[in-house]
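In what follows, a single structure is set out as structure tokens and then discussed.
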Number of protein chains: 4
Amino acid sequence: MNPTYVAVVGPSGDPESPVAQAAEEVGRLLAEAGCVVVTGGGTGVMAAASRGAAGAGGTTLGILPGNDRAEGNPHLTLAIPTGLGEVRNALVVRAADAVVAVGGSWGTLSEIALACRTGVRCVSLLGWDLPETGGPVVADSPAAAVRAALSSG
Amino acid sequence: MNPTYVAVVGPSGDPESPVAQAAEEVGRLLAEAGCVVVTGGGTGVMAAASRGAAGAGGTTLGILPGNDRAEGNPHLTLAIPTGLGEVRNALVVRAADAVVAVGGSWGTLSEIALACRTGVRCVSLLGWDLPETGGPVVADSPAAAVRAALSSG
Amino acid sequence: MNPTYVAVVGPSGDPESPVAQAAEEVGRLLAEAGCVVVTGGGTGVMAAASRGAAGAGGTTLGILPGNDRAEGNPHLTLAIPTGLGEVRNALVVRAADAVVAVGGSWGTLSEIALACRTGVRCVSLLGWDLPETGGPVVADSPAAAVRAALSSG
Amino acid sequence: MNPTYVAVVGPSGDPESPVAQAAEEVGRLLAEAGCVVVTGGGTGVMAAASRGAAGAGGTTLGILPGNDRAEGNPHLTLAIPTGLGEVRNALVVRAADAVVAVGGSWGTLSEIALACRTGVRCVSLLGWDLPETGGPVVADSPAAAVRAALSSG
């Protein structure tokens, strides 16, 4: 009954890169599956995933690092300024039932590691591949990433 | 275009008290005005304001102190677990364009004071009356509280 | 055996005001009693209390709102940048076994209220006088404030 | 003049493991170099590093996840309860001028990644080896780890 909240995390930056295109597809598929898409509310992967989800009629939540709601990307249903800086990454993970990381960056890795640490299901696409036990599932397509994020196994 | 986010803060506890009834009316009026209603997601004033807003078709956001989304009250459109304990009170205020405090408690006072400290418009109803300059506007009815919260003056 | 941690909270600003002078005396007395003095690490009351404690050989801890340790006042034994902005006020209270509020401001009130909310002993000097049950003890001198903060009753 | 603050991060658990023994040596060397040793205040690597530093007369700061100061290990000069849960990991990194990670765990990786993300010098010993640009320096002994943490290059 209650929706599943899935965080899509990844680097800010170019919204037209292959990584961003994959993130947009992830967002679209999550929305079609009825999920709430949670991001850090910024550019790059965050904007692309939100755009994909919003375009499919989904709900998008942005948890922003700064104090100004206007800094959120234009694809957010709700934008939450926190004033916490990078500490808000931990809240993005905490707010999610599953995390899909698209692309690689140190900020993204911190969110993957925090998800693994706190037992939140985590999937990595086009980015970090950490072979250790308990690490993220590595997916090879947006569809596979969404399937893995939503599987209950 | 973008909605106004209004936090409704106040004590947890009895959802049928006069304070809770006032909070429910505040929530309803805010939703009718097109606002997003933000609360701490708990019982008492938080649940009543969310119930009022949801009953009027509004969007309600709960920023929870614990790690478990299921602890949110049943009237939330979106429930965000934070794991921050009482520190989440500061996020409720930060997420809001205006704050309506209904009833009195120490937690409520901390949110009023933080709103005044950070320049967020603040209205007090059936609770704290602090005469100092820069303090909350004191309203004498839910309708007056909502008018004051949404006035731009 | 373990020291008692006492937060001294109050407005930033003029370090030579009567309020700041009282805060310096509070800091000195706390250090003489063997306490660790915790502040937000800034100017005004925070700097004065830290100066008083450091001058008496005490340990002073500053929990800073920004990311830069150099923004702490020069009287801190340890300065902890948090990057949390005003949210760090909640950490100052959380870190303390008792709170002495000197002078009045909205930020100070938020810390008093949070202390009362979370059951941390709280004393008010030259500032907020809140008559409600469970509120801060109002002291009429630095010595009385320190006695009240350290009383176990 | 001002001391350098170095966080030592790593898994909780057995204080007599080779990883913990390395952490104790790191703590001792940091204290001998005049550094403040910052940890999450818990068991395992955190306790071992604190014990090593305290045994050499150093200052140790523990930033605790819970609300109870008594949960800190017995080797802390100052113990700061935060009530933030795992979010306190971000504060440990934020409080530090450099980070030495000893051993591997997901929580440790989140701290390494956050340090790399925010430009805090980071060294890894007996744990994560991430070859990406901008990642942690990998050291092969406690002495090498401390040298790398304190180098200005």
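Residues are referred to by chain and number: the chain letter is A, B, ... according to the order shown in the structure tokens, the number counts from 1 in that chain, and ligands are numbered separately from 1 in the order shown.
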
Coordinates of chain A after Cα superposition on chain B, as a compact mmCIF listing (two decimals) with N, CA and C atoms, in the first residue's frame:
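Final output, superposed35.txt:
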```
# COMPACT_ATOMS: atom_id res chain seq x y z
N MET A 1 3.85 29.66 -8.19
CA MET A 1 3.81 28.37 -8.88
C MET A 1 4.18 27.27 -7.91
N ASN A 2 5.36 27.46 -7.29
CA ASN A 2 5.78 26.48 -6.29
C ASN A 2 4.94 26.65 -5.04
N PRO A 3 4.61 25.55 -4.39
CA PRO A 3 3.79 25.67 -3.19
C PRO A 3 4.58 26.28 -2.05
N THR A 4 3.85 26.84 -1.09
CA THR A 4 4.45 27.30 0.15
C THR A 4 4.44 26.12 1.13
N TYR A 5 5.56 25.93 1.81
CA TYR A 5 5.68 24.87 2.80
C TYR A 5 5.47 25.48 4.18
N VAL A 6 4.49 24.98 4.91
CA VAL A 6 4.24 25.48 6.24
C VAL A 6 4.36 24.34 7.24
N ALA A 7 5.23 24.52 8.22
CA ALA A 7 5.36 23.54 9.29
C ALA A 7 4.31 23.80 10.36
N VAL A 8 3.66 22.75 10.79
CA VAL A 8 2.77 22.84 11.95
C VAL A 8 3.44 22.03 13.06
N VAL A 9 3.78 22.72 14.15
CA VAL A 9 4.51 22.08 15.24
C VAL A 9 3.71 22.19 16.52
N GLY A 10 3.92 21.24 17.39
CA GLY A 10 3.21 21.24 18.66
C GLY A 10 3.38 19.91 19.34
N PRO A 11 2.86 19.81 20.54
CA PRO A 11 3.10 18.61 21.34
C PRO A 11 2.47 17.35 20.75
N SER A 12 3.11 16.25 20.99
CA SER A 12 2.50 14.95 20.70
C SER A 12 1.45 14.68 21.77
N GLY A 13 0.74 13.61 21.61
CA GLY A 13 -0.24 13.26 22.63
C GLY A 13 -1.64 13.15 22.06
N ASP A 14 -2.60 13.51 22.86
CA ASP A 14 -4.04 13.31 22.60
C ASP A 14 -4.48 13.96 21.30
N PRO A 15 -4.96 13.17 20.33
CA PRO A 15 -5.40 13.77 19.07
C PRO A 15 -6.79 14.39 19.12
N GLU A 16 -7.46 14.33 20.28
CA GLU A 16 -8.82 14.89 20.38
C GLU A 16 -8.87 16.11 21.28
N SER A 17 -7.74 16.57 21.77
CA SER A 17 -7.72 17.74 22.65
C SER A 17 -8.10 18.99 21.85
N PRO A 18 -8.48 20.06 22.53
CA PRO A 18 -8.74 21.32 21.83
C PRO A 18 -7.56 21.79 21.00
N VAL A 19 -6.38 21.58 21.53
CA VAL A 19 -5.18 21.97 20.77
C VAL A 19 -5.10 21.16 19.47
N ALA A 20 -5.33 19.85 19.58
CA ALA A 20 -5.27 19.02 18.37
C ALA A 20 -6.38 19.40 17.40
N GLN A 21 -7.55 19.72 17.93
CA GLN A 21 -8.64 20.13 17.02
C GLN A 21 -8.28 21.41 16.27
N ALA A 22 -7.63 22.33 16.98
CA ALA A 22 -7.18 23.55 16.31
C ALA A 22 -6.13 23.23 15.24
N ALA A 23 -5.25 22.29 15.58
CA ALA A 23 -4.21 21.91 14.61
C ALA A 23 -4.82 21.28 13.37
N GLU A 24 -5.86 20.48 13.56
CA GLU A 24 -6.50 19.86 12.41
C GLU A 24 -7.10 20.93 11.49
N GLU A 25 -7.70 21.94 12.12
CA GLU A 25 -8.27 23.03 11.33
C GLU A 25 -7.17 23.82 10.60
N VAL A 26 -6.07 24.04 11.29
CA VAL A 26 -4.94 24.71 10.62
C VAL A 26 -4.48 23.90 9.41
N GLY A 27 -4.35 22.59 9.59
CA GLY A 27 -3.93 21.75 8.47
C GLY A 27 -4.90 21.82 7.30
N ARG A 28 -6.18 21.77 7.62
CA ARG A 28 -7.19 21.82 6.56
C ARG A 28 -7.11 23.14 5.79
N LEU A 29 -7.00 24.24 6.52
CA LEU A 29 -6.96 25.55 5.86
C LEU A 29 -5.68 25.71 5.03
N LEU A 30 -4.59 25.19 5.53
CA LEU A 30 -3.35 25.28 4.75
C LEU A 30 -3.47 24.48 3.46
N ALA A 31 -4.05 23.31 3.55
CA ALA A 31 -4.21 22.50 2.33
C ALA A 31 -5.12 23.21 1.33
N GLU A 32 -6.19 23.79 1.85
CA GLU A 32 -7.11 24.51 0.95
C GLU A 32 -6.42 25.70 0.28
N ALA A 33 -5.40 26.24 0.96
CA ALA A 33 -4.64 27.34 0.37
C ALA A 33 -3.52 26.85 -0.54
N GLY A 34 -3.43 25.53 -0.71
CA GLY A 34 -2.43 24.99 -1.64
C GLY A 34 -1.06 24.75 -1.04
N CYS A 35 -0.96 24.81 0.28
CA CYS A 35 0.34 24.65 0.94
C CYS A 35 0.69 23.18 1.15
N VAL A 36 1.97 22.89 1.19
CA VAL A 36 2.47 21.62 1.71
C VAL A 36 2.58 21.75 3.22
N VAL A 37 2.04 20.79 3.94
CA VAL A 37 2.10 20.80 5.40
C VAL A 37 3.23 19.89 5.88
N VAL A 38 4.17 20.48 6.59
CA VAL A 38 5.34 19.76 7.10
C VAL A 38 5.18 19.59 8.61
N THR A 39 5.41 18.38 9.10
CA THR A 39 5.39 18.16 10.55
C THR A 39 6.51 17.20 10.92
N GLY A 40 6.62 16.95 12.22
CA GLY A 40 7.55 15.95 12.70
C GLY A 40 7.02 14.53 12.55
N GLY A 41 5.82 14.39 12.01
CA GLY A 41 5.32 13.08 11.62
C GLY A 41 4.75 12.23 12.73
N GLY A 42 4.67 12.77 13.95
CA GLY A 42 4.25 11.96 15.09
C GLY A 42 2.77 12.09 15.41
N THR A 43 2.47 11.99 16.70
CA THR A 43 1.09 12.01 17.18
C THR A 43 0.68 13.43 17.58
N GLY A 44 -0.48 13.54 18.20
CA GLY A 44 -0.92 14.83 18.74
C GLY A 44 -1.11 15.87 17.66
N VAL A 45 -0.51 17.03 17.87
CA VAL A 45 -0.64 18.13 16.91
C VAL A 45 -0.16 17.72 15.52
N MET A 46 0.91 16.95 15.50
CA MET A 46 1.48 16.55 14.20
C MET A 46 0.49 15.70 13.41
N ALA A 47 -0.11 14.73 14.08
CA ALA A 47 -1.09 13.86 13.40
C ALA A 47 -2.34 14.65 13.03
N ALA A 48 -2.77 15.51 13.92
CA ALA A 48 -4.01 16.25 13.67
C ALA A 48 -3.86 17.19 12.48
N ALA A 49 -2.76 17.90 12.43
CA ALA A 49 -2.54 18.81 11.29
C ALA A 49 -2.45 18.02 9.99
N SER A 50 -1.78 16.87 10.04
CA SER A 50 -1.64 16.06 8.83
C SER A 50 -2.99 15.51 8.40
N ARG A 51 -3.79 15.09 9.37
CA ARG A 51 -5.12 14.56 9.06
C ARG A 51 -6.00 15.63 8.43
N GLY A 52 -5.92 16.85 8.99
CA GLY A 52 -6.72 17.93 8.43
C GLY A 52 -6.31 18.24 6.99
N ALA A 53 -5.01 18.27 6.76
CA ALA A 53 -4.53 18.60 5.42
C ALA A 53 -4.85 17.48 4.44
N ALA A 54 -4.63 16.24 4.86
CA ALA A 54 -4.88 15.11 3.96
C ALA A 54 -6.36 15.02 3.63
N GLY A 55 -7.20 15.31 4.62
CA GLY A 55 -8.64 15.26 4.38
C GLY A 55 -9.12 16.28 3.36
N ALA A 56 -8.34 17.34 3.23
CA ALA A 56 -8.68 18.37 2.24
C ALA A 56 -7.91 18.18 0.94
N GLY A 57 -7.28 17.02 0.80
CA GLY A 57 -6.59 16.73 -0.45
C GLY A 57 -5.20 17.30 -0.54
N GLY A 58 -4.66 17.74 0.59
CA GLY A 58 -3.34 18.36 0.58
C GLY A 58 -2.20 17.35 0.65
N THR A 59 -0.99 17.89 0.49
CA THR A 59 0.22 17.08 0.59
C THR A 59 0.82 17.28 1.97
N THR A 60 1.17 16.15 2.63
CA THR A 60 1.72 16.22 3.98
C THR A 60 3.06 15.49 4.01
N LEU A 61 4.02 16.14 4.64
CA LEU A 61 5.37 15.60 4.74
C LEU A 61 5.71 15.45 6.21
N GLY A 62 6.16 14.26 6.60
CA GLY A 62 6.56 14.02 7.98
C GLY A 62 8.05 13.74 8.06
N ILE A 63 8.75 14.51 8.88
CA ILE A 63 10.19 14.34 9.07
C ILE A 63 10.38 13.68 10.43
N LEU A 64 10.65 12.37 10.42
CA LEU A 64 10.56 11.55 11.63
C LEU A 64 11.86 11.53 12.42
N PRO A 65 11.78 11.42 13.74
CA PRO A 65 13.00 11.36 14.55
C PRO A 65 13.73 10.02 14.46
N GLY A 66 13.01 8.95 14.22
CA GLY A 66 13.62 7.63 14.26
C GLY A 66 14.04 7.12 12.89
N ASN A 67 14.35 5.85 12.85
CA ASN A 67 14.83 5.22 11.62
C ASN A 67 13.74 4.47 10.88
N ASP A 68 12.55 4.40 11.45
CA ASP A 68 11.52 3.50 10.93
C ASP A 68 10.36 4.31 10.35
N ARG A 69 10.18 4.16 9.04
CA ARG A 69 9.13 4.92 8.37
C ARG A 69 7.75 4.60 8.95
N ALA A 70 7.59 3.38 9.45
CA ALA A 70 6.28 2.97 9.96
C ALA A 70 5.87 3.73 11.22
N GLU A 71 6.81 4.44 11.82
CA GLU A 71 6.46 5.23 13.02
C GLU A 71 5.72 6.52 12.67
N GLY A 72 5.69 6.86 11.40
CA GLY A 72 4.95 8.06 11.01
C GLY A 72 3.46 7.85 11.19
N ASN A 73 2.73 8.95 11.38
CA ASN A 73 1.28 8.81 11.51
C ASN A 73 0.66 8.46 10.14
N PRO A 74 -0.58 7.98 10.12
CA PRO A 74 -1.14 7.45 8.86
C PRO A 74 -1.62 8.52 7.88
N HIS A 75 -1.39 9.78 8.20
CA HIS A 75 -1.91 10.85 7.35
C HIS A 75 -0.82 11.52 6.50
N LEU A 76 0.30 10.86 6.38
CA LEU A 76 1.43 11.47 5.68
C LEU A 76 1.48 11.03 4.22
N THR A 77 1.59 11.99 3.33
CA THR A 77 1.85 11.67 1.92
C THR A 77 3.24 11.07 1.80
N LEU A 78 4.21 11.70 2.42
CA LEU A 78 5.58 11.20 2.43
C LEU A 78 6.11 11.23 3.86
N ALA A 79 6.77 10.13 4.24
CA ALA A 79 7.34 10.02 5.59
C ALA A 79 8.84 9.79 5.45
N ILE A 80 9.62 10.64 6.10
CA ILE A 80 11.08 10.63 5.95
C ILE A 80 11.73 10.29 7.28
N PRO A 81 12.16 9.06 7.47
CA PRO A 81 12.90 8.75 8.70
C PRO A 81 14.29 9.40 8.64
N THR A 82 14.74 9.95 9.77
CA THR A 82 16.04 10.63 9.78
C THR A 82 17.04 9.99 10.74
N GLY A 83 16.56 9.34 11.78
CA GLY A 83 17.49 8.81 12.78
C GLY A 83 18.20 9.88 13.59
N LEU A 84 17.72 11.11 13.54
CA LEU A 84 18.41 12.22 14.22
C LEU A 84 17.84 12.55 15.59
N GLY A 85 16.81 11.85 16.03
CA GLY A 85 16.19 12.20 17.31
C GLY A 85 15.65 13.62 17.28
N GLU A 86 15.77 14.30 18.40
CA GLU A 86 15.20 15.65 18.52
C GLU A 86 15.86 16.65 17.59
N VAL A 87 17.02 16.31 17.07
CA VAL A 87 17.70 17.21 16.14
C VAL A 87 16.85 17.42 14.89
N ARG A 88 15.95 16.47 14.63
CA ARG A 88 15.10 16.63 13.45
C ARG A 88 14.17 17.82 13.57
N ASN A 89 13.93 18.31 14.78
CA ASN A 89 13.11 19.52 14.92
C ASN A 89 13.68 20.67 14.11
N ALA A 90 14.99 20.77 14.11
CA ALA A 90 15.63 21.84 13.35
C ALA A 90 15.40 21.67 11.86
N LEU A 91 15.30 20.42 11.41
CA LEU A 91 15.04 20.20 9.98
C LEU A 91 13.61 20.53 9.62
N VAL A 92 12.68 20.30 10.53
CA VAL A 92 11.28 20.67 10.27
C VAL A 92 11.19 22.18 10.04
N VAL A 93 11.85 22.93 10.89
CA VAL A 93 11.84 24.39 10.73
C VAL A 93 12.56 24.80 9.45
N ARG A 94 13.69 24.18 9.19
CA ARG A 94 14.49 24.52 8.01
C ARG A 94 13.72 24.25 6.71
N ALA A 95 12.88 23.22 6.75
CA ALA A 95 12.15 22.83 5.54
C ALA A 95 10.98 23.75 5.25
N ALA A 96 10.67 24.65 6.18
CA ALA A 96 9.42 25.41 6.09
C ALA A 96 9.65 26.87 5.69
N ASP A 97 8.68 27.41 4.97
CA ASP A 97 8.66 28.84 4.67
C ASP A 97 8.00 29.62 5.80
N ALA A 98 7.18 28.94 6.59
CA ALA A 98 6.54 29.55 7.74
C ALA A 98 6.21 28.43 8.72
N VAL A 99 6.08 28.80 10.00
CA VAL A 99 5.81 27.83 11.06
C VAL A 99 4.57 28.27 11.82
N VAL A 100 3.64 27.35 12.01
CA VAL A 100 2.51 27.59 12.92
C VAL A 100 2.67 26.65 14.10
N ALA A 101 2.86 27.23 15.29
CA ALA A 101 2.98 26.45 16.52
C ALA A 101 1.62 26.41 17.19
N VAL A 102 1.13 25.21 17.47
CA VAL A 102 -0.17 25.07 18.11
C VAL A 102 0.04 24.37 19.46
N GLY A 103 -0.32 25.07 20.53
CA GLY A 103 -0.13 24.51 21.85
C GLY A 103 1.29 24.75 22.35
N GLY A 104 1.52 24.38 23.59
CA GLY A 104 2.80 24.69 24.21
C GLY A 104 3.51 23.46 24.72
N SER A 105 4.78 23.39 24.48
CA SER A 105 5.65 22.37 25.06
C SER A 105 7.06 22.88 24.84
N TRP A 106 8.00 22.27 25.52
CA TRP A 106 9.38 22.73 25.36
C TRP A 106 9.91 22.44 23.96
N GLY A 107 9.52 21.31 23.41
CA GLY A 107 9.93 21.03 22.04
C GLY A 107 9.36 22.05 21.07
N THR A 108 8.11 22.42 21.29
CA THR A 108 7.48 23.44 20.45
C THR A 108 8.21 24.77 20.57
N LEU A 109 8.57 25.13 21.80
CA LEU A 109 9.29 26.38 22.00
C LEU A 109 10.63 26.37 21.28
N SER A 110 11.28 25.22 21.28
CA SER A 110 12.58 25.17 20.59
C SER A 110 12.39 25.44 19.10
N GLU A 111 11.27 25.00 18.56
CA GLU A 111 11.03 25.22 17.13
C GLU A 111 10.62 26.67 16.86
N ILE A 112 9.83 27.25 17.76
CA ILE A 112 9.49 28.67 17.63
C ILE A 112 10.77 29.51 17.67
N ALA A 113 11.61 29.23 18.65
CA ALA A 113 12.82 30.03 18.82
C ALA A 113 13.76 29.88 17.63
N LEU A 114 13.84 28.68 17.11
CA LEU A 114 14.71 28.45 15.96
C LEU A 114 14.17 29.17 14.73
N ALA A 115 12.85 29.17 14.59
CA ALA A 115 12.26 29.91 13.47
C ALA A 115 12.58 31.40 13.59
N CYS A 116 12.39 31.95 14.79
CA CYS A 116 12.68 33.37 15.00
C CYS A 116 14.16 33.65 14.76
N ARG A 117 15.00 32.73 15.20
CA ARG A 117 16.45 32.90 15.04
C ARG A 117 16.86 32.93 13.57
N THR A 118 16.20 32.12 12.76
CA THR A 118 16.64 31.98 11.37
C THR A 118 15.77 32.76 10.40
N GLY A 119 14.86 33.58 10.95
CA GLY A 119 14.09 34.45 10.09
C GLY A 119 12.95 33.78 9.36
N VAL A 120 12.46 32.67 9.90
CA VAL A 120 11.29 32.02 9.32
C VAL A 120 10.05 32.57 10.01
N ARG A 121 9.05 33.03 9.23
CA ARG A 121 7.83 33.58 9.79
C ARG A 121 7.19 32.58 10.74
N CYS A 122 6.78 33.04 11.91
CA CYS A 122 6.30 32.12 12.94
C CYS A 122 5.04 32.67 13.60
N VAL A 123 4.06 31.79 13.78
CA VAL A 123 2.78 32.15 14.37
C VAL A 123 2.51 31.18 15.52
N SER A 124 1.99 31.71 16.64
CA SER A 124 1.70 30.89 17.81
C SER A 124 0.20 30.92 18.09
N LEU A 125 -0.37 29.74 18.30
CA LEU A 125 -1.81 29.59 18.54
C LEU A 125 -2.01 28.70 19.75
N LEU A 126 -2.74 29.17 20.74
CA LEU A 126 -3.05 28.38 21.94
C LEU A 126 -1.82 27.93 22.69
N GLY A 127 -0.76 28.76 22.65
CA GLY A 127 0.45 28.30 23.33
C GLY A 127 1.33 29.44 23.75
N TRP A 128 2.56 29.39 23.36
CA TRP A 128 3.57 30.34 23.80
C TRP A 128 3.25 31.76 23.33
N ASP A 129 3.36 32.69 24.25
CA ASP A 129 3.16 34.11 23.97
C ASP A 129 4.41 34.83 24.45
N LEU A 130 5.28 35.13 23.53
CA LEU A 130 6.58 35.72 23.87
C LEU A 130 6.58 37.15 23.36
N PRO A 131 6.54 38.12 24.26
CA PRO A 131 6.33 39.49 23.84
C PRO A 131 7.55 40.14 23.19
N GLU A 132 8.67 39.47 23.17
CA GLU A 132 9.90 40.12 22.68
C GLU A 132 9.79 40.47 21.20
N THR A 133 10.53 41.47 20.83
CA THR A 133 10.63 41.88 19.44
C THR A 133 11.16 40.72 18.59
N GLY A 134 10.52 40.53 17.46
CA GLY A 134 10.99 39.47 16.57
C GLY A 134 10.43 38.12 16.90
N GLY A 135 9.53 38.07 17.86
CA GLY A 135 8.95 36.79 18.25
C GLY A 135 7.78 36.40 17.38
N PRO A 136 7.13 35.30 17.74
CA PRO A 136 6.02 34.83 16.92
C PRO A 136 4.82 35.77 16.98
N VAL A 137 4.10 35.84 15.89
CA VAL A 137 2.79 36.47 15.88
C VAL A 137 1.85 35.58 16.68
N VAL A 138 1.07 36.16 17.58
CA VAL A 138 0.10 35.38 18.34
C VAL A 138 -1.26 35.49 17.65
N ALA A 139 -1.83 34.36 17.30
CA ALA A 139 -3.12 34.33 16.61
C ALA A 139 -4.19 33.80 17.56
N ASP A 140 -5.44 34.19 17.31
CA ASP A 140 -6.50 33.76 18.23
C ASP A 140 -7.47 32.76 17.60
N SER A 141 -7.15 32.28 16.43
CA SER A 141 -7.99 31.24 15.81
C SER A 141 -7.17 30.56 14.73
N PRO A 142 -7.57 29.36 14.34
CA PRO A 142 -6.86 28.70 13.23
C PRO A 142 -6.85 29.56 11.98
N ALA A 143 -7.97 30.18 11.67
CA ALA A 143 -8.02 31.00 10.45
C ALA A 143 -7.05 32.17 10.54
N ALA A 144 -6.99 32.81 11.70
CA ALA A 144 -6.06 33.92 11.86
C ALA A 144 -4.62 33.44 11.80
N ALA A 145 -4.36 32.26 12.32
CA ALA A 145 -3.00 31.72 12.28
C ALA A 145 -2.56 31.47 10.85
N VAL A 146 -3.46 30.90 10.06
CA VAL A 146 -3.10 30.61 8.67
C VAL A 146 -2.94 31.90 7.88
N ARG A 147 -3.82 32.85 8.12
CA ARG A 147 -3.66 34.15 7.44
C ARG A 147 -2.30 34.77 7.77
N ALA A 148 -1.94 34.74 9.05
CA ALA A 148 -0.67 35.34 9.45
C ALA A 148 0.51 34.59 8.85
N ALA A 149 0.41 33.27 8.80
CA ALA A 149 1.51 32.48 8.25
C ALA A 149 1.72 32.76 6.77
N LEU A 150 0.64 33.04 6.08
CA LEU A 150 0.73 33.21 4.63
C LEU A 150 0.82 34.67 4.20
N SER A 151 0.74 35.59 5.16
CA SER A 151 0.87 37.00 4.79
C SER A 151 2.31 37.26 4.42
N SER A 152 2.50 38.21 3.51
CA SER A 152 3.87 38.46 3.08
C SER A 152 4.47 39.64 3.84
N GLY A 153 3.68 40.27 4.71
CA GLY A 153 4.15 41.50 5.35
C GLY A 153 5.16 41.25 6.44
```

- prompt: Could you pull out all residues of region 24-110 of chain C with a DSSP call of strand (DSSP E) and give them as JSON, numbers by chain?
  reply: {"C": [36, 37, 38, 39, 59, 60, 61, 62, 63, 64, 78, 79, 80, 81, 98, 99, 100, 101, 102]}

Export, as a compact mmCIF listing (two decimals), in the first residue's frame, the selected residues with N, CA, C and O atoms.
```txt
# COMPACT_ATOMS: atom_id res chain seq x y z
N VAL C 36 34.26 20.75 32.23
CA VAL C 36 34.55 21.08 30.84
C VAL C 36 33.49 22.09 30.39
O VAL C 36 32.29 21.87 30.61
N VAL C 37 33.92 23.19 29.78
CA VAL C 37 32.99 24.22 29.31
C VAL C 37 32.78 24.04 27.80
O VAL C 37 33.73 24.11 27.02
N VAL C 38 31.52 23.81 27.43
CA VAL C 38 31.15 23.59 26.03
C VAL C 38 30.41 24.82 25.53
O VAL C 38 29.51 25.32 26.21
N THR C 39 30.79 25.30 24.36
CA THR C 39 30.06 26.42 23.76
C THR C 39 29.94 26.18 22.25
O THR C 39 30.49 25.22 21.71
N THR C 59 39.30 23.31 30.62
CA THR C 59 39.20 22.78 29.27
C THR C 59 37.95 23.35 28.61
O THR C 59 36.87 23.33 29.19
N THR C 60 38.11 23.85 27.38
CA THR C 60 37.00 24.47 26.65
C THR C 60 36.84 23.79 25.30
O THR C 60 37.79 23.58 24.57
N LEU C 61 35.60 23.47 25.00
CA LEU C 61 35.27 22.79 23.75
C LEU C 61 34.31 23.67 22.96
O LEU C 61 33.29 24.11 23.49
N GLY C 62 34.64 23.94 21.70
CA GLY C 62 33.77 24.74 20.85
C GLY C 62 33.22 23.90 19.71
O GLY C 62 34.00 23.30 18.96
N ILE C 63 31.90 23.87 19.58
CA ILE C 63 31.24 23.10 18.51
C ILE C 63 30.75 24.11 17.49
O ILE C 63 29.73 24.78 17.69
N LEU C 64 31.49 24.24 16.39
CA LEU C 64 31.33 25.36 15.46
C LEU C 64 30.26 25.09 14.40
O LEU C 64 30.08 23.95 13.96
N LEU C 78 39.73 22.76 22.34
CA LEU C 78 39.42 21.98 21.14
C LEU C 78 38.30 22.66 20.38
O LEU C 78 37.30 23.08 20.98
N ALA C 79 38.47 22.77 19.07
CA ALA C 79 37.46 23.40 18.21
C ALA C 79 37.01 22.38 17.18
O ALA C 79 37.83 21.82 16.45
N ILE C 80 35.71 22.16 17.12
CA ILE C 80 35.16 21.11 16.27
C ILE C 80 34.26 21.73 15.20
O ILE C 80 33.12 22.08 15.48
N PRO C 81 34.74 21.87 13.98
CA PRO C 81 33.84 22.34 12.92
C PRO C 81 32.83 21.25 12.56
O PRO C 81 33.18 20.07 12.53
N ALA C 98 24.68 19.91 31.74
CA ALA C 98 23.87 21.03 32.22
C ALA C 98 24.15 22.21 31.30
O ALA C 98 25.19 22.27 30.64
N VAL C 99 23.19 23.14 31.24
CA VAL C 99 23.30 24.31 30.37
C VAL C 99 23.11 25.57 31.21
O VAL C 99 22.17 25.66 32.00
N VAL C 100 24.02 26.52 31.05
CA VAL C 100 23.83 27.86 31.62
C VAL C 100 23.64 28.83 30.46
O VAL C 100 24.54 29.00 29.63
N ALA C 101 22.45 29.44 30.41
CA ALA C 101 22.15 30.43 29.37
C ALA C 101 22.38 31.81 29.96
O ALA C 101 21.81 32.14 31.01
N VAL C 102 23.21 32.59 29.30
CA VAL C 102 23.52 33.94 29.79
C VAL C 102 23.06 34.94 28.74
O VAL C 102 23.55 34.92 27.60
```

- request: Run DSSP on the backbone and give me the residues of region 34-146 of chain D it puts in alpha helix (DSSP H), as JSON, numbers by chain.
  value: {"D": [45, 46, 47, 48, 49, 50, 51, 52, 53, 54, 55, 88, 89, 90, 91, 92, 93, 94, 106, 107, 108, 109, 110, 111, 112, 113, 114, 115, 116, 117, 118, 142, 143, 144, 145, 146]}
